[in-house]
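Colleague: Dropping a structure here in structure tokens format, bear with me for questions.
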Protein chains: 4
Amino acid sequence: MKLRFGMVGGGNNAQIGKYHRAGALMDDLCVLAAGCFTRSMELNLATAAQWNVPDTSRVYANYREMAEQESRRPDGIDFVSIVTPNNTHYDIAKTFLEHGIHVMCDKPLALEVKEGEALAALATEKGLLFGMTYTHVGFAMPHQARELVRSGEIGRIVYIVGEYPHEWLAVTLGTGRVMGIPTWRFDPAIAGKAGATADIGGHLEHLLTFITGLKLQSVLARFDHIPAKHPLETNSNILLRYEGDVPGMMWTSQIAYGNECTISVRIFGEKGAIEWRHVTPDVLKVTRLDQPPQVYTPNRSYLHPKAKAVCRLPFGNHEGTLEAFGTLYRGFCNHLLARKNGGAIGLLDYPTVQDGVRSLKFIDACYESNAKGNVWVDIR
Amino acid sequence: MKLRFGMVGGGNNAQIGKYHRAGALMDDLCVLAAGCFTRSMELNLATAAQWNVPDTSRVYANYREMAEQESRRPDGIDFVSIVTPNNTHYDIAKTFLEHGIHVMCDKPLALEVKEGEALAALATEKGLLFGMTYTHVGFAMPHQARELVRSGEIGRIVYIVGEYPHEWLAVTLGTGRVMGIPTWRFDPAIAGKAGATADIGGHLEHLLTFITGLKLQSVLARFDHIPAKHPLETNSNILLRYEGDVPGMMWTSQIAYGNECTISVRIFGEKGAIEWRHVTPDVLKVTRLDQPPQVYTPNRSYLHPKAKAVCRLPFGNHEGTLEAFGTLYRGFCNHLLARKNGGAIGLLDYPTVQDGVRSLKFIDACYESNAKGNVWVDIR
Amino acid sequence: MKLRFGMVGGGNNAQIGKYHRAGALMDDLCVLAAGCFTRSMELNLATAAQWNVPDTSRVYANYREMAEQESRRPDGIDFVSIVTPNNTHYDIAKTFLEHGIHVMCDKPLALEVKEGEALAALATEKGLLFGMTYTHVGFAMPHQARELVRSGEIGRIVYIVGEYPHEWLAVTLGTGRVMGIPTWRFDPAIAGKAGATADIGGHLEHLLTFITGLKLQSVLARFDHIPAKHPLETNSNILLRYEGDVPGMMWTSQIAYGNECTISVRIFGEKGAIEWRHVTPDVLKVTRLDQPPQVYTPNRSYLHPKAKAVCRLPFGNHEGTLEAFGTLYRGFCNHLLARKNGGAIGLLDYPTVQDGVRSLKFIDACYESNAKGNVWVDIR
Amino acid sequence: MKLRFGMVGGGNNAQIGKYHRAGALMDDLCVLAAGCFTRSMELNLATAAQWNVPDTSRVYANYREMAEQESRRPDGIDFVSIVTPNNTHYDIAKTFLEHGIHVMCDKPLALEVKEGEALAALATEKGLLFGMTYTHVGFAMPHQARELVRSGEIGRIVYIVGEYPHEWLAVTLGTGRVMGIPTWRFDPAIAGKAGATADIGGHLEHLLTFITGLKLQSVLARFDHIPAKHPLETNSNILLRYEGDVPGMMWTSQIAYGNECTISVRIFGEKGAIEWRHVTPDVLKVTRLDQPPQVYTPNRSYLHPKAKAVCRLPFGNHEGTLEAFGTLYRGFCNHLLARKNGGAIGLLDYPTVQDGVRSLKFIDACYESNAKGNVWVDIR
């Protein structure tokens, strides 16, 4: 029996809506049964037709109505995907949780830490699942990296580097084309108080935590506005201090010509190191003390079962961004199916509301560090 | 209005069935309405449930019945996807064409040239579309390569290199694991008279022809059986002679350790060169006389509209093998929709039955060249 | 007429001595005429024989005697190469300057800023050349990078990243082998107060300044002792602020498994970006706004004359570390020959005592920033 | 005691002369004591001054006089380096051998097989060493590759691919610049009957034989004249059959835009594979059955002693083409020193006259195969 889900947002040809829908449907664990894709009922109906929502009575003009109606139906949606602009996540997620509906939410969880914490508390109180789509842990190689760390292959971690340079904003500003990037991303009232640090640094913080398993304790951040007149920082450097006094460094940039989503992580231990770059997502470089570096690739027999579980296609084939979203939805849906039907959850875990809260605290601390003149700020 | 399609084969967790279904559904141009996925009705019904075929009366025990029934329905399928073992393609495609149903067929088109020619003639006679899934032209960069050639950017072509080394068979034989590779691929009666040359060389021949636009006139081939006892050649070298006396070379291998689907093409002209490697599908290296080589990537403003039309995601994101299948289905469906509804076909063309026939002639000529002791054989 | 030079240090199979000698002789502009290679006269004579010093009366037991004797000879050395441990550079350089002999000195210039400033003042006062061997500007591509910046190809610089991860110390400590690395490098009294920041960060600071032409104004540094008991920092992060409020970042590490001298620089401007990595020294990646990145290589017609002047071999051949040293000596010798004989200096400049002083100030500021708890410190 | 050598050819700023001299002097095993660098005595004297030949009475107007004079001196040269155009190698080498002087000769050994065989016989008869400079075995990684093959790490070899694409001729012709390439290379009377196959294919044949240790038994070659009017073939494909019926393939090209000396070899065995590319000479990719590929680099503890013996610099530093020449001269000189002084030869072997003869036979067979219409020709 498949799960049923609904979507809030995603119409108007929003990229992120397509990612979520493709990801949700990737492994045939759920069907799209309801939706409120835009603020226009006409567009919602057109989107529903395009997206094969069979019952037009389950296309809604606003999300509150959707939550109410769906929560009353015996065949109501099991979960909702929230893919709206940042500043609306909190209200929408809260509404669905209050109606007893599980939530998958695009990042960031909310604009403020206290909002995020309220959502986490509400999910716990209601006993509901709350997943988040930090994309990059949907690729197989970060899972292999995590398992190599867990099994002690590289020894105690001693230093961590993450970077996420991108050129989209520089190209957007330089050419005058907006390239499908919604302009609300330039508005702090909608996007939040931080720019690159939140938007792509959030991915980086999550990926580093995912792989290392270490708790980030304090940050020293510098925000750069490039160009100077831009309302949010477009570049940032963050010195990191993880538990056990493990140092690290982060760089985020939206103005780094020659880089297209070039997120990468390098984890150094006492006995070895691991390196993953999103630009070649199928490659994990693993170095052990005084040995030739090795190149791990997806769906090989030598991978850890948890990394192998992410892979859908025989080795040599490529899985991309949509498949990565699929991996997150697969983990979430398997968890939900195990709740409903019994049975095992499967090997895949997925980012949750706790990751979302931690991310907001990270962004807050970076913001405060920069505002205070680049001083160390603890993540509370 | 969406197209309806049916599928023959693809059940039993066959990889290729998943590729075709994911590809067909990728761009929401069609829905899966009917199928005969295996030889077992029980499995077919289970597959239909898994794959959201809404009407179980359109799940069939054999493909002949499916062709008959669907051709009689007012809401019958517009096209069929054929994803069965090689030796059945001819009969199945013929049956659906005879019932007036368009065809998308996995490669190879058939086992014998005359079968392929018969299918091409039948499709023409019936006025039906007949597409084929040569995967690699589903990526954006080969389209850019083709347009650079067409526009004369690299001048007259003077030399062509294609290679497709793979290690799947060596790993399969070396480890004793079969890795989801169906064993019928080792049986000439089912797979056809050639091994690597047909299975992966067919992709290479298509890709080279697609990019260069040149007609391949004669070949000199050597087939290698590695290991010696293997029933089909697992490695081959083919010297090529294209129209206008343009020389070329091809290498195919299923026993090349360290290579995972490493298909690549290098096209040299009088003024420049182009290089594409499937291992990094988002990279097209373009060199012009005495200039620094350039690296083209997907969905950039500088791409030719035909290459840009292939891209779904903003630059920096990855599209993989499933998306490549999607591109082929998109071209096919847009063509069919334009037929049905009027309107433009769109920018994307797709491989057709003519490509399938040419491929069979190529394989035949290679087989004959090797059998005769590595002599030049014309492609008739 | 060739120049004559002498060498202080370099015996005992010291790596760095070999580099300097090979570099000095690379382009046949000078001959080795005198030397004091170790503290042992016996070893000095053996080294002189090995290194083709024709006149054994010019092999000296100590460097002071060498400076005195050589300064009196009509055919005395034109310059001295100083390749001894860090803490001796000041005294030796001072001695030769005082005797009117030009100096080429390995980095660092001295241990203290005031020592470095004294040497710079003395060289000026005496009208003597004083070169330094910051290796990486001996490769051609950093010269091309500098000229692209100078000509405005990437617009105003807006962000700068330099990193120099290395694994030599981790491998040395992890395996218990010392790999030809002199243990004085672990002793602050000999090596200086900073570790990785001075040893390899010095290279990085020079390379970034060389390419960007920007003055570094302040730093915020964190030093990491990995392993904790190591007497000097082995890893460091440094936030940078260049003139015009241009931000930057630096990372140095001697414990980064999987990295072998992986110095790299990435310079971002308003119109483009430049990237160079020592691991593939023949590659310069140049990106311009919304254009495909280009890959520049040595000795091509499209290079700037100053970059082409660095290249000795036809394109496609490799020049390595010894040739890079050769480039620095070539620039120095051509300058000196132009002084002696008249004529043009040539296209190549070379690092000087001013670079050495600036480097010491940089290291001092980093040291102070770290000691004060990672605060901004101006470079005075 | 150092060896003394003389050089024939290499003046007039010939590239290859510089390579040989730099290589010969690299490891301080010999000194340049005599020479006949051009056909002009004036240029010879100038070259001798530039190159530090101390005794001008040992600068000769012609090589016959040089052979005679030097063979009579008690301090006469131990060996001669021959770096003249191809068609003169035979006469010069014969002359020096007849005067009892050992020989290092640039490739090819001669123009005709019978000339090469005569030289080999003469060297044997006289008991003289005869080395040749096949450059690429002067890098460390091919030595590691050879030892991995020898130790059975990749199992029995089953397939061999070598390619050497280059763009120098295409750029030369396309731009009208000659780039320091002597035009005698276009004249069959001087360069020999084959073009790319001899000039760069000779390197490839040597490198493949060096690594695999297999005897090449027959070839099927096609020569391509691109552009059509060019007197010698500029591109060729060669099917190979090694002893034990091991198949292989070779491609050589001088017109392959985007390739700068991109020689590469890929050796496939029953248990693994090895890949080396000159474009990144410090990287050896080693794959074992079902394991992640490994990346070997120079001067690491895990290398075979014979590979480690090639390395001069600590890992992470680069050795280039001049150092590769040095490796060949080191092997030759160590052999000669052991002959003269007793003692061990050392770990390094070097290409000899036997390699030169085999290469001529290879070129002859390729030429014949092409002339006969691309048929198999045995190498006799």
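Identifiers in the structure tokens: chain A, B, ... in order shown; residue index from 1 per chain; ligand index from 1 in order shown.
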Identify all chain C residues at most 9 Å from chain A by counting only C-alpha atoms; ligands do not count. Present them as a ChimeraX atom specification.

Modeller: /C:158-159,170-171,174-175,220,222,224,226-227,235,237,239,247-249,251,255-258,267-275,285-290,292-293,374-376

Colleague: For A:Lys94, find every residue with an atom within 9 Å (counting only C-alpha atoms), except residues of its own chain fewer than 6 positions away, and show them as a ChimeraX atom specification.

Modeller: /A:118-119,122-123

Colleague: Quick one: write out the picked residues with N, CA and C atoms as an mmCIF file, in the first residue's frame?

Modeller:
data_model
loop_
_atom_site.group_PDB
_atom_site.id
_atom_site.type_symbol
_atom_site.label_atom_id
_atom_site.label_comp_id
_atom_site.auth_asym_id
_atom_site.auth_seq_id
_atom_site.Cartn_x
_atom_site.Cartn_y
_atom_site.Cartn_z
ATOM 1 N N ALA A 118 9.906 25.313 18.280
ATOM 2 C CA ALA A 118 8.473 25.084 18.480
ATOM 3 C C ALA A 118 7.983 23.963 17.575
ATOM 4 N N LEU A 119 8.452 23.957 16.351
ATOM 5 C CA LEU A 119 8.051 22.891 15.420
ATOM 6 C C LEU A 119 8.558 21.527 15.894
ATOM 7 N N LEU A 122 6.474 20.426 18.770
ATOM 8 C CA LEU A 122 5.136 20.042 18.331
ATOM 9 C C LEU A 122 5.150 18.660 17.668
ATOM 10 N N ALA A 123 6.161 18.422 16.833
ATOM 11 C CA ALA A 123 6.268 17.113 16.173
ATOM 12 C C ALA A 123 6.422 16.015 17.217
#

Colleague: Using the chain letters and numbers from this document, which residues of stretch 331-372 of chain D does DSSP assign to helix (DSSP H, G or I), as a short mmCIF file (atom, residue, chain, number, x, y, z; two decimals) with all heavy atoms, in the first residue's frame?

Modeller:
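Final output, saved to out-v5.cif:
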data_model
loop_
_atom_site.label_atom_id
_atom_site.label_comp_id
_atom_site.auth_asym_id
_atom_site.auth_seq_id
_atom_site.Cartn_x
_atom_site.Cartn_y
_atom_site.Cartn_z
N GLY D 331 71.11 5.77 -15.48
CA GLY D 331 71.24 4.33 -15.65
C GLY D 331 72.44 3.97 -16.51
O GLY D 331 73.23 3.07 -16.16
N PHE D 332 72.58 4.68 -17.60
CA PHE D 332 73.70 4.43 -18.52
C PHE D 332 75.04 4.69 -17.83
O PHE D 332 75.96 3.87 -17.89
CB PHE D 332 73.54 5.33 -19.75
CG PHE D 332 74.63 5.19 -20.77
CD1 PHE D 332 74.59 4.19 -21.72
CD2 PHE D 332 75.70 6.08 -20.79
CE1 PHE D 332 75.60 4.06 -22.68
CE2 PHE D 332 76.71 5.96 -21.74
CZ PHE D 332 76.66 4.96 -22.69
N CYS D 333 75.16 5.83 -17.18
CA CYS D 333 76.43 6.20 -16.53
C CYS D 333 76.76 5.25 -15.39
O CYS D 333 77.93 4.87 -15.21
CB CYS D 333 76.37 7.64 -16.02
SG CYS D 333 76.42 8.86 -17.35
N ASN D 334 75.76 4.86 -14.63
CA ASN D 334 76.04 3.92 -13.54
C ASN D 334 76.55 2.59 -14.08
O ASN D 334 77.43 1.96 -13.50
CB ASN D 334 74.79 3.70 -12.67
CG ASN D 334 74.61 4.82 -11.67
OD1 ASN D 334 75.59 5.46 -11.25
ND2 ASN D 334 73.38 5.06 -11.26
N HIS D 335 75.99 2.19 -15.19
CA HIS D 335 76.46 0.95 -15.82
C HIS D 335 77.93 1.11 -16.25
O HIS D 335 78.77 0.25 -15.98
CB HIS D 335 75.57 0.62 -17.01
CG HIS D 335 75.77 -0.76 -17.56
ND1 HIS D 335 75.07 -1.26 -18.62
CD2 HIS D 335 76.62 -1.77 -17.18
CE1 HIS D 335 75.45 -2.50 -18.87
NE2 HIS D 335 76.40 -2.83 -18.02
N LEU D 336 78.21 2.22 -16.87
CA LEU D 336 79.56 2.46 -17.37
C LEU D 336 80.56 2.61 -16.21
O LEU D 336 81.67 2.07 -16.27
CB LEU D 336 79.53 3.73 -18.24
CG LEU D 336 80.68 4.01 -19.18
CD1 LEU D 336 81.10 2.77 -19.96
CD2 LEU D 336 80.27 5.13 -20.15
N LEU D 337 80.13 3.30 -15.16
CA LEU D 337 81.02 3.45 -13.99
C LEU D 337 81.30 2.10 -13.35
O LEU D 337 82.42 1.83 -12.90
CB LEU D 337 80.36 4.40 -12.97
CG LEU D 337 80.42 5.89 -13.35
CD1 LEU D 337 79.42 6.69 -12.52
CD2 LEU D 337 81.84 6.44 -13.16
N ALA D 338 80.28 1.26 -13.30
CA ALA D 338 80.50 -0.07 -12.73
C ALA D 338 81.48 -0.86 -13.59
O ALA D 338 82.33 -1.61 -13.08
CB ALA D 338 79.16 -0.81 -12.61
N ARG D 339 81.40 -0.70 -14.88
CA ARG D 339 82.36 -1.33 -15.79
C ARG D 339 83.79 -0.85 -15.51
O ARG D 339 84.73 -1.64 -15.46
CB ARG D 339 82.05 -0.92 -17.23
CG ARG D 339 80.97 -1.67 -17.91
CD ARG D 339 81.59 -2.89 -18.60
NE ARG D 339 80.64 -3.39 -19.58
CZ ARG D 339 80.78 -3.20 -20.90
NH1 ARG D 339 81.84 -2.57 -21.38
NH2 ARG D 339 79.88 -3.67 -21.73
N LYS D 340 83.90 0.46 -15.38
CA LYS D 340 85.23 1.06 -15.20
C LYS D 340 85.79 0.81 -13.81
O LYS D 340 86.95 0.49 -13.64
CB LYS D 340 85.17 2.58 -15.43
CG LYS D 340 85.04 3.00 -16.86
CD LYS D 340 84.83 4.51 -16.96
CE LYS D 340 86.06 5.31 -16.55
NZ LYS D 340 86.84 5.81 -17.70
N ASN D 341 84.95 1.04 -12.83
CA ASN D 341 85.45 1.09 -11.46
C ASN D 341 85.05 -0.13 -10.64
O ASN D 341 85.40 -0.24 -9.47
CB ASN D 341 84.87 2.32 -10.74
CG ASN D 341 85.08 3.59 -11.52
OD1 ASN D 341 86.06 3.68 -12.28
ND2 ASN D 341 84.20 4.56 -11.36
N VAL D 353 70.51 -0.41 -27.53
CA VAL D 353 70.49 -0.59 -28.98
C VAL D 353 69.50 -1.68 -29.38
O VAL D 353 68.92 -1.64 -30.48
CB VAL D 353 71.93 -0.87 -29.48
CG1 VAL D 353 72.40 -2.26 -29.05
CG2 VAL D 353 72.05 -0.68 -30.99
N GLN D 354 69.28 -2.66 -28.51
CA GLN D 354 68.31 -3.71 -28.83
C GLN D 354 66.90 -3.13 -28.90
O GLN D 354 66.10 -3.55 -29.74
CB GLN D 354 68.35 -4.82 -27.77
CG GLN D 354 69.71 -5.50 -27.61
CD GLN D 354 70.20 -6.17 -28.89
OE1 GLN D 354 69.41 -6.45 -29.81
NE2 GLN D 354 71.51 -6.37 -28.99
N ASP D 355 66.61 -2.19 -28.03
CA ASP D 355 65.31 -1.52 -28.11
C ASP D 355 65.21 -0.73 -29.41
O ASP D 355 64.15 -0.67 -30.04
CB ASP D 355 65.13 -0.56 -26.92
CG ASP D 355 65.07 -1.31 -25.59
OD1 ASP D 355 64.00 -1.83 -25.26
OD2 ASP D 355 66.11 -1.38 -24.91
N GLY D 356 66.33 -0.13 -29.79
CA GLY D 356 66.35 0.64 -31.03
C GLY D 356 66.10 -0.24 -32.25
O GLY D 356 65.37 0.15 -33.17
N VAL D 357 66.71 -1.41 -32.26
CA VAL D 357 66.51 -2.34 -33.39
C VAL D 357 65.05 -2.80 -33.43
O VAL D 357 64.42 -2.80 -34.49
CB VAL D 357 67.46 -3.56 -33.27
CG1 VAL D 357 67.10 -4.61 -34.32
CG2 VAL D 357 68.90 -3.11 -33.41
N ARG D 358 64.52 -3.17 -32.25
CA ARG D 358 63.14 -3.66 -32.21
C ARG D 358 62.18 -2.58 -32.71
O ARG D 358 61.22 -2.86 -33.42
CB ARG D 358 62.79 -4.04 -30.77
CG ARG D 358 61.63 -5.00 -30.65
CD ARG D 358 61.23 -5.19 -29.21
NE ARG D 358 60.87 -3.90 -28.64
CZ ARG D 358 61.48 -3.33 -27.62
NH1 ARG D 358 62.48 -3.93 -26.99
NH2 ARG D 358 61.08 -2.15 -27.18
N SER D 359 62.49 -1.36 -32.37
CA SER D 359 61.65 -0.25 -32.79
C SER D 359 61.66 -0.10 -34.31
O SER D 359 60.61 0.12 -34.93
CB SER D 359 62.15 1.04 -32.13
OG SER D 359 61.31 2.10 -32.41
N LEU D 360 62.83 -0.25 -34.92
CA LEU D 360 62.91 -0.14 -36.38
C LEU D 360 62.11 -1.25 -37.06
O LEU D 360 61.45 -1.04 -38.07
CB LEU D 360 64.37 -0.19 -36.82
CG LEU D 360 65.22 1.02 -36.40
CD1 LEU D 360 66.68 0.79 -36.74
CD2 LEU D 360 64.71 2.30 -37.07
N LYS D 361 62.17 -2.45 -36.47
CA LYS D 361 61.40 -3.56 -37.03
C LYS D 361 59.90 -3.30 -36.91
O LYS D 361 59.13 -3.63 -37.81
CB LYS D 361 61.76 -4.86 -36.30
CG LYS D 361 63.17 -5.36 -36.61
CD LYS D 361 63.45 -6.64 -35.83
CE LYS D 361 64.82 -7.20 -36.21
NZ LYS D 361 65.13 -8.42 -35.41
N PHE D 362 59.54 -2.72 -35.78
CA PHE D 362 58.13 -2.37 -35.57
C PHE D 362 57.66 -1.37 -36.63
O PHE D 362 56.62 -1.54 -37.26
CB PHE D 362 57.95 -1.80 -34.16
CG PHE D 362 56.70 -1.00 -33.96
CD1 PHE D 362 55.46 -1.63 -33.87
CD2 PHE D 362 56.75 0.39 -33.86
CE1 PHE D 362 54.31 -0.90 -33.69
CE2 PHE D 362 55.60 1.13 -33.68
CZ PHE D 362 54.37 0.49 -33.60
N ILE D 363 58.47 -0.33 -36.85
CA ILE D 363 58.09 0.70 -37.82
C ILE D 363 58.02 0.09 -39.22
O ILE D 363 57.07 0.35 -39.97
CB ILE D 363 59.11 1.88 -37.77
CG1 ILE D 363 59.02 2.57 -36.40
CG2 ILE D 363 58.84 2.87 -38.89
CD1 ILE D 363 60.22 3.47 -36.08
N ASP D 364 58.99 -0.74 -39.55
CA ASP D 364 58.98 -1.41 -40.86
C ASP D 364 57.72 -2.24 -41.06
O ASP D 364 57.10 -2.19 -42.13
CB ASP D 364 60.19 -2.35 -40.96
CG ASP D 364 61.29 -1.75 -41.82
OD1 ASP D 364 61.37 -0.51 -41.89
OD2 ASP D 364 62.07 -2.52 -42.41
N ALA D 365 57.36 -2.98 -40.06
CA ALA D 365 56.17 -3.84 -40.18
C ALA D 365 54.92 -2.99 -40.34
O ALA D 365 54.03 -3.32 -41.13
CB ALA D 365 56.07 -4.76 -38.96
N CYS D 366 54.82 -1.91 -39.59
CA CYS D 366 53.67 -1.02 -39.72
C CYS D 366 53.62 -0.44 -41.14
O CYS D 366 52.56 -0.39 -41.77
CB CYS D 366 53.75 0.13 -38.70
SG CYS D 366 53.51 -0.41 -37.00
N TYR D 367 54.77 0.01 -41.62
CA TYR D 367 54.84 0.59 -42.96
C TYR D 367 54.36 -0.40 -44.01
O TYR D 367 53.55 -0.10 -44.88
CB TYR D 367 56.27 1.05 -43.23
CG TYR D 367 56.44 1.78 -44.54
CD1 TYR D 367 56.19 3.14 -44.62
CD2 TYR D 367 56.84 1.11 -45.68
CE1 TYR D 367 56.33 3.82 -45.82
CE2 TYR D 367 56.98 1.77 -46.89
CZ TYR D 367 56.73 3.14 -46.96
OH TYR D 367 56.87 3.80 -48.15
N GLU D 368 54.87 -1.63 -43.88
CA GLU D 368 54.50 -2.68 -44.84
C GLU D 368 53.01 -3.02 -44.75
O GLU D 368 52.33 -3.17 -45.77
CB GLU D 368 55.35 -3.93 -44.56
CG GLU D 368 55.10 -5.06 -45.54
CD GLU D 368 55.89 -6.32 -45.17
OE1 GLU D 368 56.92 -6.20 -44.44
OE2 GLU D 368 55.48 -7.42 -45.57
N SER D 369 52.49 -3.08 -43.53
CA SER D 369 51.07 -3.40 -43.34
C SER D 369 50.19 -2.36 -44.02
O SER D 369 49.23 -2.70 -44.71
CB SER D 369 50.73 -3.47 -41.86
OG SER D 369 49.32 -3.55 -41.67
N ASN D 370 50.56 -1.13 -43.84
CA ASN D 370 49.78 -0.06 -44.45
C ASN D 370 49.89 -0.10 -45.98
O ASN D 370 48.90 0.02 -46.70
CB ASN D 370 50.24 1.29 -43.93
CG ASN D 370 49.47 2.43 -44.56
OD1 ASN D 370 48.27 2.58 -44.32
ND2 ASN D 370 50.13 3.20 -45.41
N ALA D 371 51.11 -0.31 -46.45
CA ALA D 371 51.35 -0.30 -47.89
C ALA D 371 50.58 -1.43 -48.57
O ALA D 371 50.14 -1.29 -49.72
CB ALA D 371 52.85 -0.42 -48.16
#

Colleague: Residues at most 12 Å from stretch 71-77 of chain D, counting only C-alpha atoms, excluding those fewer than 6 positions away in the same chain, as a list of chain:residue names?

Modeller: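 Final neighbour list, sorted by chain and number: D:Met1, D:Lys2, D:Leu3, D:Arg4, D:Phe5, D:Gly6, D:Met7, D:Cys30, D:Val31, D:Leu32, D:Ala33, D:Ala34, D:Gly35, D:Asp55, D:Ser57, D:Arg58, D:Tyr63, D:Arg64, D:Glu65, D:Thr95, D:Phe96, D:Leu97, D:Glu98, D:His99, D:Gly100, D:Ile101, D:His102, D:Val103.
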
Colleague: Within stretch 55-267 of chain D, find each residue whose DSSP state, derived from the backbone, is strand (DSSP E or B), and express the selection as a PyMOL selection string.

Modeller: chain D and resi 59+79-83+102-105+130-132+157-165+216-224+235-242+246-253+264-267

Colleague: Using only C-alpha atoms, determine which residues lie at most 9 Å from stretch 135-149 of chain C, disregarding the query and same-chain residues fewer than 3 positions distant; provide the list as an NGL selection string.

Modeller: :C and (132 or 152-157 or 203-204 or 206-207 or 210-213 or 263 or 267 or 269 or 274-276 or 278 or 281-284 or 286 or 296-299 or 303-311 or 319-321 or 323-328 or 350-351)

Colleague: What is the atom CA of B:Glu117-atom CA of B:Ile16 distance in Å, reported with one decimal?

Modeller: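 A separation of 24.4 Å between them.
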
Colleague: Could you give me, as an mmCIF file with N, CA, C and O atoms, in the first residue's frame, the residues within 6 Å of A:Gly162, counting only C-alpha atoms and dropping anything in the same chain fewer than 5 positions from it?

Modeller:
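Final output, out.cif:
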data_model
loop_
_atom_site.group_PDB
_atom_site.id
_atom_site.type_symbol
_atom_site.label_atom_id
_atom_site.label_comp_id
_atom_site.auth_asym_id
_atom_site.auth_seq_id
_atom_site.Cartn_x
_atom_site.Cartn_y
_atom_site.Cartn_z
ATOM 1 N N MET A 250 34.976 26.792 7.162
ATOM 2 C CA MET A 250 33.939 26.746 6.162
ATOM 3 C C MET A 250 34.030 27.983 5.284
ATOM 4 O O MET A 250 34.356 29.066 5.770
ATOM 5 N N SER A 264 32.066 20.895 -1.291
ATOM 6 C CA SER A 264 33.008 19.801 -1.048
ATOM 7 C C SER A 264 33.339 19.722 0.427
ATOM 8 O O SER A 264 33.231 20.719 1.152
ATOM 9 N N VAL A 265 33.716 18.536 0.848
ATOM 10 C CA VAL A 265 34.117 18.322 2.248
ATOM 11 C C VAL A 265 35.407 17.519 2.275
ATOM 12 O O VAL A 265 35.616 16.628 1.463
#

Colleague: Could you pull the residues within 8 Å of D:Val279, counting only C-alpha atoms, minus those fewer than 2 positions along the same chain, as a list in words?

Modeller: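 Returned residues: Gly316 of chain C; Glu260, Cys261, Thr262, Ile263, Arg277 and Pro281 of chain D.
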
Colleague: Could the residues in this selection be saved with N, CA and C atoms as a tab-separated table (two decimals), in the first residue's frame?

Modeller:
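The resulting again_10.tsv:
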chain	number	residue	atom	x	y	z
C	316	GLY	N	53.55	20.72	-23.82
C	316	GLY	CA	53.34	19.29	-23.66
C	316	GLY	C	54.43	18.62	-22.85
D	260	GLU	N	48.59	17.64	-25.88
D	260	GLU	CA	49.99	18.09	-25.87
D	260	GLU	C	50.84	16.94	-25.33
D	261	CYS	N	51.43	16.15	-26.18
D	261	CYS	CA	52.24	15.00	-25.71
D	261	CYS	C	51.44	14.08	-24.81
D	262	THR	N	50.20	13.79	-25.19
D	262	THR	CA	49.33	13.04	-24.29
D	262	THR	C	49.53	11.54	-24.44
D	263	ILE	N	50.75	11.08	-24.36
D	263	ILE	CA	51.00	9.64	-24.41
D	263	ILE	C	50.37	8.98	-23.18
D	277	ARG	N	49.28	8.21	-17.67
D	277	ARG	CA	49.13	9.25	-18.67
D	277	ARG	C	50.24	10.28	-18.47
D	281	PRO	N	52.17	12.99	-15.06
D	281	PRO	CA	53.14	11.89	-14.98
D	281	PRO	C	53.30	11.32	-13.58

Colleague: Using only C-alpha atoms, which of the listed residues (A:Leu45, A:Ala191, A:Tyr164, A:Gly11) sits closest to A:His89?

Modeller: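 Ranked by minimum distance to A:His89, first place goes to A:Ala191.
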
Colleague: Nearest residue to A:Val377 out of A:Ala46, A:Val295, A:Leu232, A:Val219, using only C-alpha atoms?

Modeller: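 Going through A:Ala46, A:Val295, A:Leu232, A:Val219 one by one, the smallest distance to A:Val377 is for A:Val219.
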